[in-house]
Each structure stands twice: as structure tokens, then as C-alpha cells.
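Colleague: Below you will find the structure I want to go over with you.
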Amino acid sequence: MGIPGENANGVFSANEYLTRSNLMKAFRDDYDTPIAAGKKVAVVGGGNVAMDAARTALRLGADVHIVYRRSEAELPARVEEVHHAKEEGIVFNLLTNPVEILTDENGWVKGMVVRKMELGEPDASGRRRPVEVPGSDYVIDVDTVIMSLGTSPNPLISSTTEGLETNKWKCIIADESNGKTTKEGVYAGGDAVTGAAPSSSPWKPEEPAPEESTNTCLGNKRTE
């Protein structure tokens, strides 16, 4: 989201949270993939994955809030998913958008500043655009934040790899013909380059990687 504090301890992507909890069995004490489950959890987003993350957090013992910047009518999650989440006691903070994640002296989440929204004119998606309400900020008391805002590469890749450039969607910039990135010796393809859309894929994931990237990774020199 690009808001202060989003790299704090206790902030997860929904994919990581669900993978650790379900596939890697982080909820079990005898497994080596622990997760800071949290007692007061905010899930940011309104899709099916957000509902899954919220209901998982609930089962791990947390009080859970869904924070979504539009109204219930615009929720992209299936109606039955929303119904089940409400039925289980998950609180919906609608027309609400995060502006800052607060941290304690050790860098752990201790709260989230949110701003009330109202719906304006429809945007390009056909849904009414959320507009900020001035002076409406308040703090939600949480110790864990789960981001469920669509598919994009893990920001750790670009933030820890000097010379690897990304675009405004945080996707890795790569040559469409060979997958070569802006960092010498590093090649990329698939969702890390295109995001969720396959239309501009540098190469199809089911096809072999371009010869240049394969040779470079294997340390082979091309001969004529």
C-alpha cells in the first residue's frame, strides 16, 4: 500500500499467512514453521482470500476485523463468504482505509490508523470511487495486520536486491524476449514480472526459459 509501518513485525501478506497456517501447519507447536498468530488482527481487503485469512485468524484465537475502503455492495468476495465471516463474528470496518501502521519500540505492530471514506463517482472498474473524509482518522487496536490486496511480488525481492528495478506495481522489470532484468545475471518471468495478468508475459511459464537465461544460470558460454 505504500503506507508507513507496512514492513513492521506482525504484518503479513494473506498468501504467506495462509500458506504458513494451512500448508506448513504453523498452528502446531511441533512444526518448525511458527507464525505470530496475533490476538487482535486486521485483514485489509475484501476479496475471497481476505475472508479466508480472516476466518483462519479467528480459528487461531484472534479478534478479527476486515478493513475495506468501499461499502458492502462493492465487496468482491462471494456473498456466502461474507455471510459466513459475519456469522462467525468477524467485524467489518467498511468505508475505511489504512493510512499508517503503528509500531512499538521493538518494531512490532501495536495499532493501525485508518481513515473513513465515502463513495464518489464510478472509476474505470465501474465501481464508485472511495473518497477520503477529512479529519476522520482513528486508531484500531491490533497487533497483527494481514494485507490481502491482490497479487504482486514479495517486496523483499526488490528491497534487498541492489540494482533490481521494479515498476509502479512492484513487478520486476525484465526484457520480454529473454527475461533479463536490470541486475547482471538475474532473470525473471511469470507473475513476478507480469503480476496477476498473463497478457504481457515475457515467456509462458509452461515453456522452457529462453536459452540466454538458461546458459547464464548454468555458467555456459554460447558457441556459434
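Ligands are numbered from 1 in the order shown, residues from 1 within each chain, and chains are lettered A, B, ... in the order they appear in the C-alpha cells.
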Please identify all polymer residues within 7 Å of Ala8 of chain A, counting only C-alpha atoms, omitting same-chain residues fewer than 5 positions from it, and present them as a list in words.
Modeller: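 Once the nearby chain positions are removed, what remains is Thr103, Gly107, Trp108 and Val109 of chain A.
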Colleague: For segment 68-74 of chain A, work out the shell of residues within 10 Å, counting only C-alpha atoms and skipping chain neighbours fewer than 2 positions away, then give it as a PDB file with N, CA and C atoms, in the first residue's frame.
Modeller:
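Everything below was put into out36.pdb:
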ATOM      1  N   VAL A  43      -7.532  -7.527   8.815  1.00  0.00           N
ATOM      2  CA  VAL A  43      -7.292  -8.002   7.455  1.00  0.00           C
ATOM      3  C   VAL A  43      -7.716  -6.890   6.504  1.00  0.00           C
ATOM      4  N   VAL A  44      -6.776  -6.417   5.691  1.00  0.00           N
ATOM      5  CA  VAL A  44      -7.046  -5.306   4.776  1.00  0.00           C
ATOM      6  C   VAL A  44      -7.386  -5.865   3.398  1.00  0.00           C
ATOM      7  N   GLY A  45      -8.617  -5.646   2.953  1.00  0.00           N
ATOM      8  CA  GLY A  45      -9.068  -6.159   1.669  1.00  0.00           C
ATOM      9  C   GLY A  45     -10.471  -6.736   1.794  1.00  0.00           C
ATOM     10  N   GLY A  46     -11.085  -7.050   0.654  1.00  0.00           N
ATOM     11  CA  GLY A  46     -12.462  -7.513   0.689  1.00  0.00           C
ATOM     12  C   GLY A  46     -12.768  -8.676  -0.218  1.00  0.00           C
ATOM     13  N   GLY A  47     -11.719  -9.368  -0.684  1.00  0.00           N
ATOM     14  CA  GLY A  47     -11.930 -10.493  -1.576  1.00  0.00           C
ATOM     15  C   GLY A  47     -12.049 -11.814  -0.841  1.00  0.00           C
ATOM     16  N   ALA A  50      -9.168 -12.536   1.456  1.00  0.00           N
ATOM     17  CA  ALA A  50      -9.281 -11.776   2.703  1.00  0.00           C
ATOM     18  C   ALA A  50     -10.200 -12.494   3.685  1.00  0.00           C
ATOM     19  N   HIS A  65     -10.910  -8.057  12.453  1.00  0.00           N
ATOM     20  CA  HIS A  65     -11.603  -7.001  11.722  1.00  0.00           C
ATOM     21  C   HIS A  65     -11.236  -7.099  10.245  1.00  0.00           C
ATOM     22  N   ILE A  66     -12.225  -6.965   9.374  1.00  0.00           N
ATOM     23  CA  ILE A  66     -11.996  -6.766   7.946  1.00  0.00           C
ATOM     24  C   ILE A  66     -12.041  -5.260   7.696  1.00  0.00           C
ATOM     25  N   PRO A  76     -15.702  -7.604  -3.282  1.00  0.00           N
ATOM     26  CA  PRO A  76     -15.512  -8.575  -4.367  1.00  0.00           C
ATOM     27  C   PRO A  76     -15.663 -10.026  -3.929  1.00  0.00           C
ATOM     28  N   ALA A  77     -15.666 -10.293  -2.630  1.00  0.00           N
ATOM     29  CA  ALA A  77     -15.820 -11.664  -2.145  1.00  0.00           C
ATOM     30  C   ALA A  77     -17.214 -12.193  -2.459  1.00  0.00           C
ATOM     31  N   VAL A  79     -20.812 -13.713  -1.887  1.00  0.00           N
ATOM     32  CA  VAL A  79     -21.791 -13.374  -0.853  1.00  0.00           C
ATOM     33  C   VAL A  79     -21.756 -14.380   0.293  1.00  0.00           C
ATOM     34  N   VAL A  82     -18.851 -13.747   2.694  1.00  0.00           N
ATOM     35  CA  VAL A  82     -19.129 -12.626   3.592  1.00  0.00           C
ATOM     36  C   VAL A  82     -20.117 -13.052   4.671  1.00  0.00           C
ATOM     37  N   PHE A  92     -16.724  -6.074  10.389  1.00  0.00           N
ATOM     38  CA  PHE A  92     -16.430  -5.414   9.108  1.00  0.00           C
ATOM     39  C   PHE A  92     -16.345  -3.903   9.319  1.00  0.00           C
ATOM     40  N   ASN A  93     -15.152  -3.353   9.109  1.00  0.00           N
ATOM     41  CA  ASN A  93     -14.961  -1.898   9.107  1.00  0.00           C
ATOM     42  C   ASN A  93     -14.989  -1.446   7.651  1.00  0.00           C
ATOM     43  N   LEU A  94     -16.179  -1.141   7.146  1.00  0.00           N
ATOM     44  CA  LEU A  94     -16.348  -0.762   5.748  1.00  0.00           C
ATOM     45  C   LEU A  94     -16.168   0.743   5.577  1.00  0.00           C
ATOM     46  N   LEU A  95     -15.947   1.138   4.318  1.00  0.00           N
ATOM     47  CA  LEU A  95     -15.661   2.546   4.016  1.00  0.00           C
ATOM     48  C   LEU A  95     -14.554   3.068   4.943  1.00  0.00           C
ATOM     49  N   THR A  96     -13.525   2.265   5.053  1.00  0.00           N
ATOM     50  CA  THR A  96     -12.408   2.545   5.952  1.00  0.00           C
ATOM     51  C   THR A  96     -11.114   2.146   5.250  1.00  0.00           C
ATOM     52  N   ASN A  97     -10.087   2.992   5.337  1.00  0.00           N
ATOM     53  CA  ASN A  97      -8.844   2.716   4.632  1.00  0.00           C
ATOM     54  C   ASN A  97      -7.646   2.967   5.550  1.00  0.00           C
ATOM     55  N   PRO A  98      -6.676   2.053   5.602  1.00  0.00           N
ATOM     56  CA  PRO A  98      -5.497   2.268   6.440  1.00  0.00           C
ATOM     57  C   PRO A  98      -4.626   3.411   5.911  1.00  0.00           C
ATOM     58  N   VAL A 114      -6.624   4.438  10.653  1.00  0.00           N
ATOM     59  CA  VAL A 114      -7.472   4.296   9.477  1.00  0.00           C
ATOM     60  C   VAL A 114      -8.254   5.587   9.248  1.00  0.00           C
ATOM     61  N   ARG A 115      -8.733   5.747   8.039  1.00  0.00           N
ATOM     62  CA  ARG A 115      -9.471   6.957   7.657  1.00  0.00           C
ATOM     63  C   ARG A 115     -10.811   6.558   7.050  1.00  0.00           C
ATOM     64  N   LYS A 116     -11.847   7.226   7.439  1.00  0.00           N
ATOM     65  CA  LYS A 116     -13.168   6.946   6.881  1.00  0.00           C
ATOM     66  C   LYS A 116     -13.249   7.439   5.432  1.00  0.00           C
ATOM     67  N   MET A 117     -14.031   6.725   4.657  1.00  0.00           N
ATOM     68  CA  MET A 117     -14.200   7.045   3.240  1.00  0.00           C
ATOM     69  C   MET A 117     -15.689   7.220   2.926  1.00  0.00           C
ATOM     70  N   GLU A 118     -15.950   7.856   1.809  1.00  0.00           N
ATOM     71  CA  GLU A 118     -17.296   7.914   1.265  1.00  0.00           C
ATOM     72  C   GLU A 118     -17.208   7.654  -0.227  1.00  0.00           C
ATOM     73  N   LEU A 119     -18.298   7.204  -0.836  1.00  0.00           N
ATOM     74  CA  LEU A 119     -18.257   6.828  -2.242  1.00  0.00           C
ATOM     75  C   LEU A 119     -18.588   8.000  -3.145  1.00  0.00           C
ATOM     76  N   ARG A 127     -17.010   0.639 -10.404  1.00  0.00           N
ATOM     77  CA  ARG A 127     -17.409   0.776  -9.000  1.00  0.00           C
ATOM     78  C   ARG A 127     -17.208   2.225  -8.563  1.00  0.00           C
ATOM     79  N   ARG A 128     -18.033   2.668  -7.639  1.00  0.00           N
ATOM     80  CA  ARG A 128     -17.922   4.036  -7.149  1.00  0.00           C
ATOM     81  C   ARG A 128     -16.598   4.222  -6.415  1.00  0.00           C
ATOM     82  N   ARG A 129     -15.921   5.289  -6.739  1.00  0.00           N
ATOM     83  CA  ARG A 129     -14.578   5.543  -6.222  1.00  0.00           C
ATOM     84  C   ARG A 129     -14.634   6.006  -4.774  1.00  0.00           C
ATOM     85  N   PRO A 130     -13.834   5.403  -3.871  1.00  0.00           N
ATOM     86  CA  PRO A 130     -13.814   5.856  -2.486  1.00  0.00           C
ATOM     87  C   PRO A 130     -13.078   7.186  -2.341  1.00  0.00           C
ATOM     88  N   VAL A 131     -13.660   8.092  -1.595  1.00  0.00           N
ATOM     89  CA  VAL A 131     -13.082   9.420  -1.376  1.00  0.00           C
ATOM     90  C   VAL A 131     -12.859   9.611   0.123  1.00  0.00           C
ATOM     91  N   GLU A 132     -11.696  10.133   0.490  1.00  0.00           N
ATOM     92  CA  GLU A 132     -11.368  10.318   1.896  1.00  0.00           C
ATOM     93  C   GLU A 132     -12.261  11.360   2.560  1.00  0.00           C
ATOM     94  N   LEU A 149      -4.575  -7.576  -0.818  1.00  0.00           N
ATOM     95  CA  LEU A 149      -4.914  -6.520  -1.782  1.00  0.00           C
ATOM     96  C   LEU A 149      -4.570  -6.891  -3.209  1.00  0.00           C
TER      97      LEU A 149
END
Colleague: Any idea what the distance is between atom CA of Pro134 of chain A and atom CA of Glu100 of chain A?
Modeller: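 So the answer is 15.4 Å.
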Colleague: For Leu164 of chain A, which of A:Ser148, A:Thr19, A:Asn48, A:Thr181 is the closest residue, counting only C-alpha atoms?
Modeller: A:Thr181
Colleague: Which residue, A:Val193, A:Val91, A:Val49, A:Ala188, has the smallest gap to Asn15 of chain A when you use only C-alpha atoms?
Modeller: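 Closest candidate: A:Val49.
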Colleague: Could you please write out, as a VMD selection string, every residue of segment 14-156 of chain A that DSSP assigns to helix (DSSP H, G or I)?
Modeller: chain A and resid 14 to 23 48 to 59 72 to 74 79 to 87 155 to 156
